[in-house]
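Asker: Okay, handing you the structure first.
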Amino acid sequence: MDKSTIVCRCEEINVDEIETVLKMGAETFDDVKRITRCGMGPCQAKMCVKHVSNLISEYTGKPLAEIPPARARMPLKITRMRVLAGTESHASTVKAVFEEGDPDEK
Amino acid sequence: MKSRTHAEAYDVVIIGAGVIGNSIAYHLSEQNSQNILVIDKSFPLSGTSGSTQAWVWVHTKTPSSYGELSLFSSELYPYLERKIGDVEYKRTGGLAPFFTEEEREKALKLAESQAKVGIDIKVLSRDEVLKKEPSFSPNVVGATFSSIDGNVNPFRLLELYTRAAEKNKVDYSFYNPVVDIEQQGDGYMVHSEKGVFRTKKLILAGGPWSKQLGSFIGLDIPVKLVRGQVLITEPLAPLLNYTIGGIRQANNGEVLIGYSKEEVGYNRQGTLDVIQETANMAVSFVPALANANVVRSFSGVRVVPEDGLPIFGEIPGRKNLYIATMHSGITLSPVIGTLMSELISSGETSLPIEKYSISRFA
């Protein structure tokens with residue numbers, strides 16, 4: 001691996017870009033992700049998490065076992081919106097912005 | 001005595017490296033006259049600032065004085081971008097749709113009250129909404145529209161605030177939780193896991209962790225924690241022309257959807273019910289999104305002062321102690337950074353800020 005090696009294929013992020021964030025003080029995969037977009041693509045870090053964790057371990061000197069894994073989030077695998085929307089639940093916590101605006105002075 | 005003589009000394013210590021703490025650090029550092037440290041329990045974007053749709057949203061913010069503060073902040077974005085670099089700020093214009101005829105009355109009232117502070121709102125008919133945003137559901141009844149609203153890339157924003165501040169010699173200490181704060185004369189000793197810092201002035205910018213910071217020095221900071229969950233699609237061809245209350249399309253084509261509010265403390269888990277409700281909202285607002293692939297959801301904890309309005313300024317009765325905590329930190333960061341840096345360096349501000357003092361809760 002050299003500095004131009006692609007670590008995240010989805011977002012095309014290379015070793016150099018990851019090292020730049022490590023120099024800022026990043027210590028976790030998610031720190032690296034938010035600044036570089038590494039792991040934000042369709043595979044959701046399934047390919048890059050090990051490589052990035054290795055780079056973090058090398059850079060910080062922490063053993064690999066102490067590097068927290070990428071945070072997994074639903075839906076885990078690409079899912080059509082209509083599949084998620086297919087229930088009849090009522091929007092109780094999801095509100096339209098307009099419903100909130102109250103023109104009366106508080 | 002807890003105080004140690006080897007404590008590193010600063011003119012200003014800012015606790016919290018989110019969008020508010022970083023904006024204050026950056027704006028203060030432009031003067032190049034003070035030694036500044038920003039200290040954070042974790043890393044920029046690990047909290048609220050990294051789990052947001054990042055609208056720069058003005059027109060539905062009420063009371064109108066709060067709308068005006070948001071307007072000023074939005075006006076500062078293009079100027080900020082020239083200074084710190086491309087944060088992907090886009091003044092798209094904002095649409096807040098409504099779905100019942102009764103709401104039009106409320107919309108007209110909103111337009112009237114916001115006009116007094118210079119926020120121009122048009123109340124659109126169904127046809128006007130569909131002309132502006134052809135992909136919007138024909139079930140819409142109308143919308144309020146203002147050209148002032150937009151959005152920004154929060155990741156770029158935080159990175160570039162940090163880099164610009166570092167260039168101006170601001171020090172950062174990440175992964176370093178503050179464990180105690182001690183007043184000493186006119187200054188403060190900030191005890192952290194990695195050491196003690198002595199400072200002349202201290203700024204609390206801990207967002208959702210403000211209550212804990214306040215408790216170190218016997219202050220009650222009246223804020224609530226609210227969880228928000230958001231869905232993200234794969235990158236789509238250009239679909240939305242405007243920032244819609246609830247939905248926006250980012251520069252890379254992905255669409256972010258969500259406007260949920262739950263009071264569940266620091267719990268940042270995603271929950272299937274809210275994800276489903278959010279997907280329902282997506283499809284009912286923009287039917288074409290039914291066919292979009294959802295790549296991820298995220299969930300974040302926002303801080304909301306008890307009366308909904310920002311809390312910032314000096315803390316009365318505590319010399320050299322300041323606070324800045326609020327909802328909508330992305331929208332407000334340019335104006336808050338500007339006003340707080342004025343206040344910290346000269347004791348005066350270019351806009352009156354008294355109504356945002358924490359003293360209103362006393």
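Quick note on naming: the chains in the structure tokens go A, B, ... in the order shown, residues restart at 1 in each chain, and ligands are numbered from 1 in order of appearance.
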Neighbouring residues of Pro44 in chain B were defined as those with any atom within 7 Å, considering only C-alpha atoms; residues of the same chain fewer than 4 positions away were excluded. Please report them as a ChimeraX atom specification.
Answerer: /B:17-18,158
Asker: I'd like a table as JSON lines: residues in chain B with an atom no more than 7 Å from chain A, each row giving the shortest atom pair and its distance in Å to one decimal, only C-alpha atoms counted, sorted by chain and rising residue number.
Answerer:
{"residue": "B:Phe43", "atom": "CA", "partner": "A:Ala26", "partner_atom": "CA", "distance": 6.7}
{"residue": "B:Leu45", "atom": "CA", "partner": "A:Arg34", "partner_atom": "CA", "distance": 6.8}
{"residue": "B:Ser46", "atom": "CA", "partner": "A:Asp31", "partner_atom": "CA", "distance": 6.8}
{"residue": "B:Thr60", "atom": "CA", "partner": "A:Gly101", "partner_atom": "CA", "distance": 5.2}
{"residue": "B:Lys61", "atom": "CA", "partner": "A:Gly101", "partner_atom": "CA", "distance": 6.4}
{"residue": "B:Thr62", "atom": "CA", "partner": "A:Pro103", "partner_atom": "CA", "distance": 6.0}
{"residue": "B:Pro63", "atom": "CA", "partner": "A:Glu105", "partner_atom": "CA", "distance": 4.8}
{"residue": "B:Ala96", "atom": "CA", "partner": "A:Phe98", "partner_atom": "CA", "distance": 5.4}
{"residue": "B:Pro97", "atom": "CA", "partner": "A:Phe98", "partner_atom": "CA", "distance": 6.6}
{"residue": "B:Phe98", "atom": "CA", "partner": "A:Phe98", "partner_atom": "CA", "distance": 6.6}
{"residue": "B:Lys109", "atom": "CA", "partner": "A:Pro103", "partner_atom": "CA", "distance": 6.3}
{"residue": "B:Leu110", "atom": "CA", "partner": "A:Pro103", "partner_atom": "CA", "distance": 4.8}
{"residue": "B:Ser113", "atom": "CA", "partner": "A:Pro103", "partner_atom": "CA", "distance": 6.3}
{"residue": "B:Phe155", "atom": "CA", "partner": "A:Ile35", "partner_atom": "CA", "distance": 5.8}
{"residue": "B:Glu159", "atom": "CA", "partner": "A:Ile35", "partner_atom": "CA", "distance": 6.8}
{"residue": "B:Phe174", "atom": "CA", "partner": "A:Gly25", "partner_atom": "CA", "distance": 6.7}
{"residue": "B:Glu234", "atom": "CA", "partner": "A:Pro42", "partner_atom": "CA", "distance": 6.9}
{"residue": "B:Gly245", "atom": "CA", "partner": "A:Val97", "partner_atom": "CA", "distance": 5.2}
{"residue": "B:Gly246", "atom": "CA", "partner": "A:Ala96", "partner_atom": "CA", "distance": 6.5}
{"residue": "B:Tyr259", "atom": "CA", "partner": "A:Val94", "partner_atom": "CA", "distance": 5.2}
{"residue": "B:Ser260", "atom": "CA", "partner": "A:Val94", "partner_atom": "CA", "distance": 4.0}
{"residue": "B:Lys261", "atom": "CA", "partner": "A:Thr93", "partner_atom": "CA", "distance": 5.4}
{"residue": "B:Glu262", "atom": "CA", "partner": "A:Thr93", "partner_atom": "CA", "distance": 6.6}
{"residue": "B:Gln276", "atom": "CA", "partner": "A:Leu84", "partner_atom": "CA", "distance": 5.3}
{"residue": "B:Glu277", "atom": "CA", "partner": "A:Ala91", "partner_atom": "CA", "distance": 5.4}
{"residue": "B:Thr278", "atom": "CA", "partner": "A:Val94", "partner_atom": "CA", "distance": 6.4}
{"residue": "B:Ala279", "atom": "CA", "partner": "A:Ala85", "partner_atom": "CA", "distance": 4.7}
{"residue": "B:Asn280", "atom": "CA", "partner": "A:Ala85", "partner_atom": "CA", "distance": 4.6}
{"residue": "B:Leu289", "atom": "CA", "partner": "A:Met81", "partner_atom": "CA", "distance": 6.6}
{"residue": "B:Ala290", "atom": "CA", "partner": "A:Arg82", "partner_atom": "CA", "distance": 4.5}
{"residue": "B:Asn291", "atom": "CA", "partner": "A:Arg80", "partner_atom": "CA", "distance": 6.0}
{"residue": "B:Ala292", "atom": "CA", "partner": "A:Met81", "partner_atom": "CA", "distance": 5.7}
{"residue": "B:Asn293", "atom": "CA", "partner": "A:Arg80", "partner_atom": "CA", "distance": 4.4}
{"residue": "B:Val294", "atom": "CA", "partner": "A:Thr79", "partner_atom": "CA", "distance": 5.2}
{"residue": "B:Val295", "atom": "CA", "partner": "A:Ile78", "partner_atom": "CA", "distance": 5.0}
{"residue": "B:Arg296", "atom": "CA", "partner": "A:Met74", "partner_atom": "CA", "distance": 6.0}
{"residue": "B:Ser297", "atom": "CA", "partner": "A:Met74", "partner_atom": "CA", "distance": 5.8}
{"residue": "B:Phe298", "atom": "CA", "partner": "A:Arg73", "partner_atom": "CA", "distance": 6.7}
Asker: Would you put the residues from that selection into a file with N, CA, C and O atoms, as a compact mmCIF listing (two decimals), in the first residue's frame?
Answerer:
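Resulting contents of selection16.txt:
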# COMPACT_ATOMS: atom_id res chain seq x y z
N PHE B 43 -14.33 13.83 19.28
CA PHE B 43 -13.72 14.38 18.06
C PHE B 43 -14.79 15.16 17.31
O PHE B 43 -15.97 14.82 17.40
N LEU B 45 -17.61 16.32 15.01
CA LEU B 45 -18.63 15.60 14.24
C LEU B 45 -19.10 14.31 14.91
O LEU B 45 -19.96 13.61 14.39
N SER B 46 -18.54 13.98 16.09
CA SER B 46 -18.97 12.75 16.75
C SER B 46 -20.31 12.94 17.47
O SER B 46 -20.95 11.96 17.84
N THR B 60 -39.29 29.81 8.90
CA THR B 60 -40.33 29.42 9.87
C THR B 60 -39.88 29.61 11.31
O THR B 60 -40.59 29.21 12.24
N LYS B 61 -38.70 30.22 11.51
CA LYS B 61 -38.20 30.38 12.88
C LYS B 61 -38.93 31.53 13.58
O LYS B 61 -38.89 32.68 13.11
N THR B 62 -39.60 31.20 14.65
CA THR B 62 -40.35 32.23 15.39
C THR B 62 -39.98 32.18 16.86
O THR B 62 -39.51 31.15 17.32
N PRO B 63 -40.16 33.26 17.64
CA PRO B 63 -40.72 34.57 17.23
C PRO B 63 -39.84 35.25 16.18
O PRO B 63 -38.70 34.83 15.95
N ALA B 96 -41.83 25.11 2.98
CA ALA B 96 -42.45 24.38 4.10
C ALA B 96 -43.88 24.06 3.68
O ALA B 96 -44.77 24.93 3.70
N PRO B 97 -44.14 22.83 3.24
CA PRO B 97 -45.45 22.49 2.70
C PRO B 97 -46.50 22.34 3.79
O PRO B 97 -46.19 22.03 4.94
N PHE B 98 -47.76 22.59 3.41
CA PHE B 98 -48.86 22.25 4.32
C PHE B 98 -49.93 21.50 3.54
O PHE B 98 -49.99 21.56 2.30
N LYS B 109 -50.30 34.49 8.28
CA LYS B 109 -49.94 35.18 9.52
C LYS B 109 -48.41 35.14 9.73
O LYS B 109 -47.80 36.13 10.13
N LEU B 110 -47.83 33.98 9.40
CA LEU B 110 -46.37 33.84 9.50
C LEU B 110 -45.69 34.83 8.55
O LEU B 110 -44.75 35.54 8.93
N SER B 113 -45.86 38.37 9.96
CA SER B 113 -45.00 38.69 11.12
C SER B 113 -43.52 38.65 10.73
O SER B 113 -42.73 39.44 11.22
N PHE B 155 -20.05 18.31 7.38
CA PHE B 155 -18.71 17.72 7.53
C PHE B 155 -17.65 18.69 7.04
O PHE B 155 -16.63 18.91 7.69
N GLU B 159 -14.83 20.66 9.37
CA GLU B 159 -13.42 20.48 9.03
C GLU B 159 -12.76 21.82 8.72
O GLU B 159 -11.66 22.11 9.18
N PHE B 174 -8.38 16.74 21.69
CA PHE B 174 -9.51 15.84 21.44
C PHE B 174 -9.42 14.62 22.33
O PHE B 174 -8.36 14.31 22.88
N GLU B 234 -29.41 6.47 -1.74
CA GLU B 234 -28.26 6.46 -2.65
C GLU B 234 -28.28 7.77 -3.45
O GLU B 234 -29.33 8.43 -3.51
N GLY B 245 -38.86 21.64 4.02
CA GLY B 245 -38.92 21.34 5.45
C GLY B 245 -39.09 19.84 5.63
O GLY B 245 -40.17 19.32 5.42
N GLY B 246 -38.01 19.14 5.96
CA GLY B 246 -38.05 17.69 6.11
C GLY B 246 -37.17 16.92 5.15
O GLY B 246 -36.79 15.80 5.44
N TYR B 259 -37.57 14.33 10.18
CA TYR B 259 -37.87 15.44 11.06
C TYR B 259 -38.49 14.88 12.34
O TYR B 259 -39.52 15.37 12.79
N SER B 260 -37.90 13.87 12.92
CA SER B 260 -38.48 13.25 14.11
C SER B 260 -37.96 13.90 15.38
O SER B 260 -36.87 14.48 15.40
N LYS B 261 -38.75 13.83 16.42
CA LYS B 261 -38.35 14.40 17.71
C LYS B 261 -38.80 13.48 18.83
O LYS B 261 -39.99 13.26 18.99
N GLU B 262 -37.83 12.95 19.57
CA GLU B 262 -38.16 12.08 20.71
C GLU B 262 -37.26 12.46 21.88
O GLU B 262 -36.07 12.67 21.69
N GLN B 276 -39.71 3.84 9.69
CA GLN B 276 -40.87 3.61 8.82
C GLN B 276 -41.71 4.87 8.65
O GLN B 276 -42.16 5.20 7.56
N GLU B 277 -41.91 5.60 9.76
CA GLU B 277 -42.67 6.85 9.66
C GLU B 277 -41.96 7.85 8.75
O GLU B 277 -42.59 8.58 7.99
N THR B 278 -40.62 7.86 8.86
CA THR B 278 -39.83 8.78 8.03
C THR B 278 -39.94 8.39 6.56
O THR B 278 -40.06 9.25 5.68
N ALA B 279 -39.90 7.08 6.28
CA ALA B 279 -40.06 6.62 4.90
C ALA B 279 -41.46 6.99 4.39
O ALA B 279 -41.61 7.40 3.23
N ASN B 280 -42.47 6.88 5.24
CA ASN B 280 -43.83 7.30 4.87
C ASN B 280 -43.87 8.78 4.51
O ASN B 280 -44.50 9.19 3.53
N LEU B 289 -39.74 9.12 -4.49
CA LEU B 289 -38.77 8.54 -3.55
C LEU B 289 -39.13 7.10 -3.17
O LEU B 289 -38.30 6.38 -2.62
N ALA B 290 -40.34 6.64 -3.49
CA ALA B 290 -40.71 5.25 -3.21
C ALA B 290 -39.74 4.28 -3.87
O ALA B 290 -39.46 3.20 -3.35
N ASN B 291 -39.22 4.69 -5.02
CA ASN B 291 -38.31 3.80 -5.75
C ASN B 291 -36.84 4.02 -5.41
O ASN B 291 -35.97 3.36 -5.97
N ALA B 292 -36.56 4.96 -4.53
CA ALA B 292 -35.16 5.24 -4.18
C ALA B 292 -34.66 4.16 -3.22
O ALA B 292 -35.40 3.64 -2.40
N ASN B 293 -33.39 3.86 -3.32
CA ASN B 293 -32.77 2.94 -2.37
C ASN B 293 -32.29 3.69 -1.14
O ASN B 293 -31.62 4.72 -1.26
N VAL B 294 -32.63 3.16 0.03
CA VAL B 294 -32.14 3.73 1.28
C VAL B 294 -30.83 3.03 1.62
O VAL B 294 -30.76 1.81 1.69
N VAL B 295 -29.79 3.83 1.82
CA VAL B 295 -28.46 3.28 2.09
C VAL B 295 -28.22 3.19 3.59
O VAL B 295 -27.57 2.26 4.07
N ARG B 296 -28.73 4.18 4.31
CA ARG B 296 -28.42 4.24 5.74
C ARG B 296 -29.45 5.10 6.45
O ARG B 296 -30.12 5.94 5.83
N SER B 297 -29.53 4.90 7.74
CA SER B 297 -30.24 5.86 8.58
C SER B 297 -29.20 6.40 9.56
O SER B 297 -28.15 5.80 9.75
N PHE B 298 -29.46 7.53 10.16
CA PHE B 298 -28.63 7.95 11.30
C PHE B 298 -29.51 8.60 12.33
O PHE B 298 -30.68 8.91 12.09
Asker: Pick the closest to Pro68 in chain A from A:Thr20, A:Ser4, A:Asn54, A:Asn14: which is it, counting only C-alpha atoms?
Answerer: A:Asn54
Asker: Quick one: DSSP alpha helix (DSSP H) residues in chain A, as a VMD selection string?
Answerer: chain A and resid 15 to 24 29 to 36 49 to 60 81 to 84 97 to 100
Asker: Within 10 Å of Leu28 in chain B, counting only C-alpha atoms, which residues show up once you throw out same-chain ones fewer than 5 positions away? Write them as a list in words, please.
Answerer: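 The residues that qualify are Val12, Asn22, Ser23, Ser33, Gln34, Asn35, Ile36, Ala165, Asn168, Val170, Gly337, Thr338, Leu339, Met340, Ser341, Glu342, Leu343, Ile344 and Ser345 of chain B.
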Asker: Please, what distance in Å, to one decimal, runs between CA of Asp16 in chain A and CA of Arg163 in chain B?
Answerer: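 According to the coordinates, CA of Asp16 in chain A and CA of Arg163 in chain B are separated by 17.0 Å.
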Asker: Got a sec: who's within 10 Å of Pro69 in chain A, counting only C-alpha atoms, leaving out chain neighbours fewer than 3 positions off, as a list in words?
Answerer: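 My reading of the contact set: Thr28, Phe29, Asp30, Ala45, Val49, Lys50, Ser53, Leu64, Ala65, Glu66 and Ala72 of chain A.
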Asker: Can you work out which one of B:Met326, B:Val283, B:Asn241, B:Gly85 has the shortest atom-to-atom distance to Lys131 in chain B, counting only C-alpha atoms?
Answerer: B:Asn241
Asker: Run DSSP on the backbone and give me the residues of range 168-281 of chain B it puts in strand (DSSP E or B), as a ChimeraX atom specification.
Answerer: /B:171-173,178-184,187-192,195-204,223-233,243-244,247-249,255-257,260,262
Asker: Identify, on the basis of only C-alpha atoms, every residue whose closest approach to range 249-256 of chain B does not exceed 8 Å; exclude the query and any residue fewer than 2 positions from it along the same chain; express the result as a list in words.
Answerer: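 Residues meeting the cut-off are Gln53, Glu88, Asn153, Val230, Leu231, Ile232, Thr233, Glu234, Pro235, Leu236, Ala237, Pro238, Leu239, Leu240, Thr243, Ile247 and Gly258 of chain B.
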Asker: Between CA of Gly187 in chain B and CA of Lys167 in chain B, what is the distance, to one decimal in Å?
Answerer: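 Going from CA of Gly187 in chain B over to CA of Lys167 in chain B, I get 26.2 Å.
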